[in-house]
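K.L.:
First the structure, which I've put down as C-alpha cells, then a few questions once you've had a look.
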Amino acid sequence: MTRRSPAPIVGLFALLACAKPAPAAPVAIELPPVAPDPSAARHAPNIVPVTPVPPAVTDHRALLDPSLATARAPDVFRARFRTTQGDFVVEVHRDWSPHCADRFYNLVRIGFYDGTRFFRVIDGFMVQWGIHGDPAVSAAWRDAQAQDDPHVRSNVRGTITFARTNAPNSATTQLFVNYGDNSRLDASGFTPFGEIVEGMTALESLYKGYGEQPSQAKIVSEGNRYLLDGYPKLDGVLDERVEGE
C-alpha cells in the first residue's frame with residue numbers, strides 16, 4: 001500500500017506557527033488617581049518642544065483647566081498639523097462622533113499637541129500620540145473624559161480616532177491614525193471622528209524603530225524629558241491649527 005505524504009499537514013502547522021497575532025489596540029493607559037496639584041493652575045506649562053521650536057501657546061490657562069476648552073465644533077472643519085516629517089490635514093465630521101469632534105477642536109485651538117511626540121508607530125497598523133510634554137498638563141486632563149458616541153464610521157485606513165481605556169467614556173487627549181483597515185477595533189468602542197485628507201505620506205514616514213518601547217506611564221509622569229533622553233529619534237508635532245480661524 002502506498003503511504004500518503006504528510007507534507008500538507010506539516011505545511012499547515014508551519015503556516016500557523018508563522019502567523020503573527022494582531023497588534024494590541026491603541027489603548028490609553030489607566031493610571032491610579034493622584035492628589036491634585038494645587039500649584040497647577042498658577043504656573044505656565046513647561047513645554048519641551050521638538051526642533052525647531054514651535055510658536056508659543058497663546059492661552060496657557062486652558063491647558064491647565066479643561067473647563068475653559070468646551071466650545072462646540074463646526075459641523076465640518078479641517079486641522080493642519082506641522083510635523084518633523086511634513087504636514088498632514090485632518091478633516092473632521094462632527095456627525096461621525098460629536099463629543100470626540102468637540103474635544104479635538106478644543107485641543108487643537110489651545111495648541112495642546114504642540115511639541116508632543118508620536119510615541120507608538122506600528123507599521124501597517126497605526127500611529128499614536130497625544131500625551132503632553134508637561135506632566136502638569138497631563139495631570140490636568142487625565143480626568144477630563146469625553147463621552148462615548150454611537151459608532152458611525154469604521155476604523156479604515158486614514159481615519160483618526162481617540163485612544164481610550166477599556167472603561168466607558170475614557171477618551172481624553174490621545175489620538176491614533178489608522179495605517180490600514182483596523183475595523184476589528186470598531187466593536188471595542190473606538191469611534192473615528194475624521195479622516196486624513198492630506199499628508200498621509202508624512203504620517204507613514206514617522207520613525208518606527210522604537211516600536212512598543214516608550215512607556216506611557218513615564219511619558220505622563222516625566223513628560224518629554226523622558227522621551228528626549230531615551231528615544232531621541234521620535235518624530236513629533238511642531239504645531240497645529242484649525243484652518244480658517
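By order of appearance in the C-alpha cells: chains A, B, ..., then residues from 1 within every chain, and ligands from 1 in the order shown.
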Write out as a PyMOL selection string which residues come within 12 Å of Asp229 (chain A) when counting only C-alpha atoms, dropping same-chain ones fewer than 6 positions away.
P.N.:
chain A and resi 214+218-219+222-223
K.L.:
Kindly export the residues of the current selection with N, CA and C atoms, as an mmCIF file, in the first residue's frame.
P.N.:
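Below is the file again16.cif, written as the result:
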```cif
data_model
loop_
_atom_site.group_PDB
_atom_site.id
_atom_site.type_symbol
_atom_site.label_atom_id
_atom_site.label_comp_id
_atom_site.auth_asym_id
_atom_site.auth_seq_id
_atom_site.Cartn_x
_atom_site.Cartn_y
_atom_site.Cartn_z
ATOM 1 N N PRO A 214 8.477 52.889 24.248
ATOM 2 C CA PRO A 214 8.218 54.011 25.169
ATOM 3 C C PRO A 214 7.069 53.702 26.125
ATOM 4 N N LYS A 218 5.525 56.625 31.957
ATOM 5 C CA LYS A 218 6.663 57.522 32.156
ATOM 6 C C LYS A 218 6.516 58.813 31.353
ATOM 7 N N ILE A 219 5.893 58.741 30.187
ATOM 8 C CA ILE A 219 5.636 59.984 29.448
ATOM 9 C C ILE A 219 4.709 60.871 30.273
ATOM 10 N N GLU A 222 6.847 61.985 33.486
ATOM 11 C CA GLU A 222 8.097 62.711 33.279
ATOM 12 C C GLU A 222 8.074 63.643 32.072
ATOM 13 N N GLY A 223 7.071 63.520 31.227
ATOM 14 C CA GLY A 223 6.945 64.406 30.076
ATOM 15 C C GLY A 223 7.959 64.120 28.983
#
```
K.L.:
Give me, as CSV, each residue of region 125-145 of chain A that comes within 12 Å of region 67-91 of chain A, together with its shortest interatomic pair and the distance in Å at one decimal, counting only C-alpha atoms, with rows ordered by chain and rising residue number.
P.N.:
```
residue,atom,partner,partner_atom,distance
A:Ala140,CA,A:Ser67,CA,10.2
A:Trp141,CA,A:Ser67,CA,9.8
A:Asp143,CA,A:Ser67,CA,11.3
A:Ala144,CA,A:Ser67,CA,8.5
A:Gln145,CA,A:Ser67,CA,11.4
```
K.L.:
Once you have the residues from the selection above, write them out as an mmCIF file, in the first residue's frame, restricted to N, CA and C atoms.
P.N.:
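Listed below is the output, out37.cif:
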```
data_model
loop_
_atom_site.group_PDB
_atom_site.id
_atom_site.type_symbol
_atom_site.label_atom_id
_atom_site.label_comp_id
_atom_site.auth_asym_id
_atom_site.auth_seq_id
_atom_site.Cartn_x
_atom_site.Cartn_y
_atom_site.Cartn_z
ATOM 1 N N ALA A 140 -3.737 67.616 34.541
ATOM 2 C CA ALA A 140 -4.945 68.426 34.470
ATOM 3 C C ALA A 140 -6.013 67.787 33.586
ATOM 4 N N TRP A 141 -5.589 67.058 32.554
ATOM 5 C CA TRP A 141 -6.527 66.491 31.590
ATOM 6 C C TRP A 141 -6.863 65.026 31.840
ATOM 7 N N ASP A 143 -8.587 63.447 33.967
ATOM 8 C CA ASP A 143 -9.968 63.135 34.337
ATOM 9 C C ASP A 143 -10.982 63.874 33.475
ATOM 10 N N ALA A 144 -10.530 64.506 32.403
ATOM 11 C CA ALA A 144 -11.434 65.250 31.510
ATOM 12 C C ALA A 144 -11.887 64.341 30.377
ATOM 13 N N GLN A 145 -12.660 63.323 30.721
ATOM 14 C CA GLN A 145 -13.054 62.322 29.723
ATOM 15 C C GLN A 145 -14.155 62.834 28.814
#
```
K.L.:
If you count only C-alpha atoms, which residues fall within 10 Å of Gly194 (chain A), apart from same-chain ones fewer than 2 positions away, as a ChimeraX atom specification?
P.N.:
/A:76-78,90-97,100-101,104,153,158-161,177,191-192,196-197
K.L.:
Can you write out the residues you just picked, keeping N, CA and C atoms, as a PDB file, in the first residue's frame?
P.N.:
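The resulting result-v4.pdb:
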```pdb
ATOM      1  N   VAL A  76     -18.272  70.633  10.046  1.00  0.00           N
ATOM      2  CA  VAL A  76     -17.121  70.105   9.315  1.00  0.00           C
ATOM      3  C   VAL A  76     -16.008  71.146   9.398  1.00  0.00           C
ATOM      4  N   PHE A  77     -14.799  70.704   9.734  1.00  0.00           N
ATOM      5  CA  PHE A  77     -13.659  71.614   9.762  1.00  0.00           C
ATOM      6  C   PHE A  77     -12.392  70.821   9.493  1.00  0.00           C
ATOM      7  N   ARG A  78     -11.327  71.566   9.187  1.00  0.00           N
ATOM      8  CA  ARG A  78     -10.036  70.944   8.940  1.00  0.00           C
ATOM      9  C   ARG A  78      -8.986  71.478   9.912  1.00  0.00           C
ATOM     10  N   VAL A  90      -6.326  66.985   8.852  1.00  0.00           N
ATOM     11  CA  VAL A  90      -7.453  66.171   9.307  1.00  0.00           C
ATOM     12  C   VAL A  90      -8.747  66.887   8.948  1.00  0.00           C
ATOM     13  N   GLU A  91      -9.647  66.193   8.286  1.00  0.00           N
ATOM     14  CA  GLU A  91     -10.994  66.734   8.070  1.00  0.00           C
ATOM     15  C   GLU A  91     -11.937  66.053   9.049  1.00  0.00           C
ATOM     16  N   VAL A  92     -12.573  66.857   9.893  1.00  0.00           N
ATOM     17  CA  VAL A  92     -13.431  66.342  10.956  1.00  0.00           C
ATOM     18  C   VAL A  92     -14.898  66.501  10.559  1.00  0.00           C
ATOM     19  N   HIS A  93     -15.680  65.439  10.784  1.00  0.00           N
ATOM     20  CA  HIS A  93     -17.121  65.452  10.554  1.00  0.00           C
ATOM     21  C   HIS A  93     -17.798  65.250  11.904  1.00  0.00           C
ATOM     22  N   ARG A  94     -18.404  66.293  12.402  1.00  0.00           N
ATOM     23  CA  ARG A  94     -18.957  66.228  13.756  1.00  0.00           C
ATOM     24  C   ARG A  94     -20.041  65.161  13.885  1.00  0.00           C
ATOM     25  N   ASP A  95     -20.785  64.900  12.805  1.00  0.00           N
ATOM     26  CA  ASP A  95     -21.853  63.910  12.910  1.00  0.00           C
ATOM     27  C   ASP A  95     -21.325  62.485  13.018  1.00  0.00           C
ATOM     28  N   TRP A  96     -20.031  62.274  12.764  1.00  0.00           N
ATOM     29  CA  TRP A  96     -19.451  60.951  12.967  1.00  0.00           C
ATOM     30  C   TRP A  96     -19.305  60.642  14.450  1.00  0.00           C
ATOM     31  N   SER A  97     -18.912  61.638  15.231  1.00  0.00           N
ATOM     32  CA  SER A  97     -18.664  61.444  16.668  1.00  0.00           C
ATOM     33  C   SER A  97     -18.625  62.820  17.329  1.00  0.00           C
ATOM     34  N   CYS A 100     -16.232  63.545  20.436  1.00  0.00           N
ATOM     35  CA  CYS A 100     -14.815  63.490  20.076  1.00  0.00           C
ATOM     36  C   CYS A 100     -14.438  64.650  19.161  1.00  0.00           C
ATOM     37  N   ALA A 101     -15.320  65.038  18.254  1.00  0.00           N
ATOM     38  CA  ALA A 101     -15.046  66.173  17.385  1.00  0.00           C
ATOM     39  C   ALA A 101     -14.893  67.449  18.200  1.00  0.00           C
ATOM     40  N   PHE A 104     -11.496  67.278  20.102  1.00  0.00           N
ATOM     41  CA  PHE A 104     -10.375  67.519  19.195  1.00  0.00           C
ATOM     42  C   PHE A 104     -10.299  68.997  18.806  1.00  0.00           C
ATOM     43  N   ARG A 153     -18.654  55.492  11.783  1.00  0.00           N
ATOM     44  CA  ARG A 153     -17.652  55.162  10.781  1.00  0.00           C
ATOM     45  C   ARG A 153     -16.711  54.078  11.300  1.00  0.00           C
ATOM     46  N   GLY A 158      -6.571  55.704   7.173  1.00  0.00           N
ATOM     47  CA  GLY A 158      -6.659  57.151   7.093  1.00  0.00           C
ATOM     48  C   GLY A 158      -7.625  57.797   8.054  1.00  0.00           C
ATOM     49  N   THR A 159      -8.395  57.024   8.820  1.00  0.00           N
ATOM     50  CA  THR A 159      -9.297  57.621   9.794  1.00  0.00           C
ATOM     51  C   THR A 159      -8.545  57.929  11.085  1.00  0.00           C
ATOM     52  N   ILE A 160      -9.059  58.899  11.835  1.00  0.00           N
ATOM     53  CA  ILE A 160      -8.443  59.317  13.094  1.00  0.00           C
ATOM     54  C   ILE A 160      -9.439  59.118  14.232  1.00  0.00           C
ATOM     55  N   THR A 161      -8.942  58.620  15.347  1.00  0.00           N
ATOM     56  CA  THR A 161      -9.783  58.168  16.454  1.00  0.00           C
ATOM     57  C   THR A 161      -9.082  58.495  17.769  1.00  0.00           C
ATOM     58  N   VAL A 177      -4.046  57.412  14.221  1.00  0.00           N
ATOM     59  CA  VAL A 177      -4.463  57.359  12.822  1.00  0.00           C
ATOM     60  C   VAL A 177      -4.228  55.937  12.333  1.00  0.00           C
ATOM     61  N   THR A 191     -14.290  55.112  17.998  1.00  0.00           N
ATOM     62  CA  THR A 191     -15.164  55.759  17.031  1.00  0.00           C
ATOM     63  C   THR A 191     -14.426  56.856  16.265  1.00  0.00           C
ATOM     64  N   PRO A 192     -14.107  56.647  14.995  1.00  0.00           N
ATOM     65  CA  PRO A 192     -13.453  57.688  14.212  1.00  0.00           C
ATOM     66  C   PRO A 192     -14.302  58.959  14.145  1.00  0.00           C
ATOM     67  N   ILE A 196      -7.783  61.644   7.336  1.00  0.00           N
ATOM     68  CA  ILE A 196      -6.653  62.380   6.777  1.00  0.00           C
ATOM     69  C   ILE A 196      -6.945  62.658   5.309  1.00  0.00           C
ATOM     70  N   VAL A 197      -6.966  63.938   4.947  1.00  0.00           N
ATOM     71  CA  VAL A 197      -7.240  64.304   3.557  1.00  0.00           C
ATOM     72  C   VAL A 197      -5.995  64.839   2.855  1.00  0.00           C
TER      73      VAL A 197
END
```
K.L.:
Sorted by chain and rising residue number, which residues of region 124-194 of chain A lie within 12 Å of region 109-114 of chain A, and what are their closest atom pairs and distances in Å to one decimal, counting only C-alpha atoms, as JSON lines?
P.N.:
```
{"residue": "A:Trp129", "atom": "CA", "partner": "A:Tyr113", "partner_atom": "CA", "distance": 8.6}
{"residue": "A:Gly130", "atom": "CA", "partner": "A:Tyr113", "partner_atom": "CA", "distance": 6.3}
{"residue": "A:Ile131", "atom": "CA", "partner": "A:Tyr113", "partner_atom": "CA", "distance": 8.0}
{"residue": "A:His132", "atom": "CA", "partner": "A:Tyr113", "partner_atom": "CA", "distance": 6.8}
{"residue": "A:Gly133", "atom": "CA", "partner": "A:Asp114", "partner_atom": "CA", "distance": 8.6}
{"residue": "A:Asp134", "atom": "CA", "partner": "A:Phe112", "partner_atom": "CA", "distance": 10.4}
{"residue": "A:Val137", "atom": "CA", "partner": "A:Phe112", "partner_atom": "CA", "distance": 8.9}
{"residue": "A:Ser138", "atom": "CA", "partner": "A:Phe112", "partner_atom": "CA", "distance": 10.1}
{"residue": "A:Ala140", "atom": "CA", "partner": "A:Phe112", "partner_atom": "CA", "distance": 11.9}
{"residue": "A:Trp141", "atom": "CA", "partner": "A:Phe112", "partner_atom": "CA", "distance": 10.5}
{"residue": "A:Thr172", "atom": "CA", "partner": "A:Phe112", "partner_atom": "CA", "distance": 11.7}
{"residue": "A:Thr173", "atom": "CA", "partner": "A:Phe112", "partner_atom": "CA", "distance": 8.6}
{"residue": "A:Gln174", "atom": "CA", "partner": "A:Tyr113", "partner_atom": "CA", "distance": 9.5}
{"residue": "A:Leu175", "atom": "CA", "partner": "A:Tyr113", "partner_atom": "CA", "distance": 10.2}
```
K.L.:
Restricting it to N, CA and C atoms, dump the selection as a PDB file, in the first residue's frame.
P.N.:
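Contents of result.pdb, as written:
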```
ATOM      1  N   TRP A 129      -0.362  59.217  19.400  1.00  0.00           N
ATOM      2  CA  TRP A 129       0.290  60.348  20.080  1.00  0.00           C
ATOM      3  C   TRP A 129      -0.747  61.093  20.905  1.00  0.00           C
ATOM      4  N   GLY A 130      -0.298  62.146  21.616  1.00  0.00           N
ATOM      5  CA  GLY A 130      -1.260  62.973  22.346  1.00  0.00           C
ATOM      6  C   GLY A 130      -1.053  63.052  23.838  1.00  0.00           C
ATOM      7  N   ILE A 131       0.112  62.602  24.360  1.00  0.00           N
ATOM      8  CA  ILE A 131       0.446  62.841  25.775  1.00  0.00           C
ATOM      9  C   ILE A 131       1.271  64.114  25.820  1.00  0.00           C
ATOM     10  N   HIS A 132       0.842  65.068  26.595  1.00  0.00           N
ATOM     11  CA  HIS A 132       1.510  66.368  26.619  1.00  0.00           C
ATOM     12  C   HIS A 132       2.918  66.266  27.172  1.00  0.00           C
ATOM     13  N   GLY A 133       3.787  67.176  26.730  1.00  0.00           N
ATOM     14  CA  GLY A 133       5.178  67.158  27.166  1.00  0.00           C
ATOM     15  C   GLY A 133       5.400  67.635  28.581  1.00  0.00           C
ATOM     16  N   ASP A 134       4.398  68.261  29.195  1.00  0.00           N
ATOM     17  CA  ASP A 134       4.493  68.741  30.571  1.00  0.00           C
ATOM     18  C   ASP A 134       3.611  67.881  31.463  1.00  0.00           C
ATOM     19  N   VAL A 137       0.286  69.376  32.717  1.00  0.00           N
ATOM     20  CA  VAL A 137      -0.828  69.430  31.768  1.00  0.00           C
ATOM     21  C   VAL A 137      -1.480  68.056  31.655  1.00  0.00           C
ATOM     22  N   SER A 138      -0.683  67.007  31.598  1.00  0.00           N
ATOM     23  CA  SER A 138      -1.246  65.652  31.565  1.00  0.00           C
ATOM     24  C   SER A 138      -2.118  65.392  32.788  1.00  0.00           C
ATOM     25  N   ALA A 140      -3.737  67.616  34.541  1.00  0.00           N
ATOM     26  CA  ALA A 140      -4.945  68.426  34.470  1.00  0.00           C
ATOM     27  C   ALA A 140      -6.013  67.787  33.586  1.00  0.00           C
ATOM     28  N   TRP A 141      -5.589  67.058  32.554  1.00  0.00           N
ATOM     29  CA  TRP A 141      -6.527  66.491  31.590  1.00  0.00           C
ATOM     30  C   TRP A 141      -6.863  65.026  31.840  1.00  0.00           C
ATOM     31  N   THR A 172      -9.506  60.958  26.384  1.00  0.00           N
ATOM     32  CA  THR A 172      -9.103  62.256  26.915  1.00  0.00           C
ATOM     33  C   THR A 172      -8.380  63.073  25.846  1.00  0.00           C
ATOM     34  N   THR A 173      -7.086  62.773  25.579  1.00  0.00           N
ATOM     35  CA  THR A 173      -6.314  63.576  24.631  1.00  0.00           C
ATOM     36  C   THR A 173      -5.543  62.754  23.602  1.00  0.00           C
ATOM     37  N   GLN A 174      -5.365  61.468  23.836  1.00  0.00           N
ATOM     38  CA  GLN A 174      -4.547  60.658  22.929  1.00  0.00           C
ATOM     39  C   GLN A 174      -5.307  60.292  21.649  1.00  0.00           C
ATOM     40  N   LEU A 175      -4.586  60.326  20.543  1.00  0.00           N
ATOM     41  CA  LEU A 175      -5.156  60.072  19.222  1.00  0.00           C
ATOM     42  C   LEU A 175      -4.408  58.945  18.527  1.00  0.00           C
TER      43      LEU A 175
END
```
K.L.:
Got a sec: who's within 10 Å of Gly211 (chain A), counting only C-alpha atoms, leaving out chain neighbours fewer than 4 positions off, as a PyMOL selection string?
P.N.:
chain A and resi 119-123+207
K.L.:
Generate a file of the selected residues that holds C-alpha atoms, formatted as a PDB file, in the first residue's frame.
P.N.:
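Wrote again_33.pdb, looks like this:
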```
ATOM      1  CA  PHE A 119       5.421  57.604  20.713  1.00  0.00           C
ATOM      2  CA  ARG A 120       3.823  54.484  19.209  1.00  0.00           C
ATOM      3  CA  VAL A 121       4.292  53.967  15.470  1.00  0.00           C
ATOM      4  CA  ILE A 122       3.489  50.452  14.239  1.00  0.00           C
ATOM      5  CA  ASP A 123       3.973  49.827  10.517  1.00  0.00           C
ATOM      6  CA  TYR A 207      10.197  56.961  12.856  1.00  0.00           C
TER       7      TYR A 207
END
```
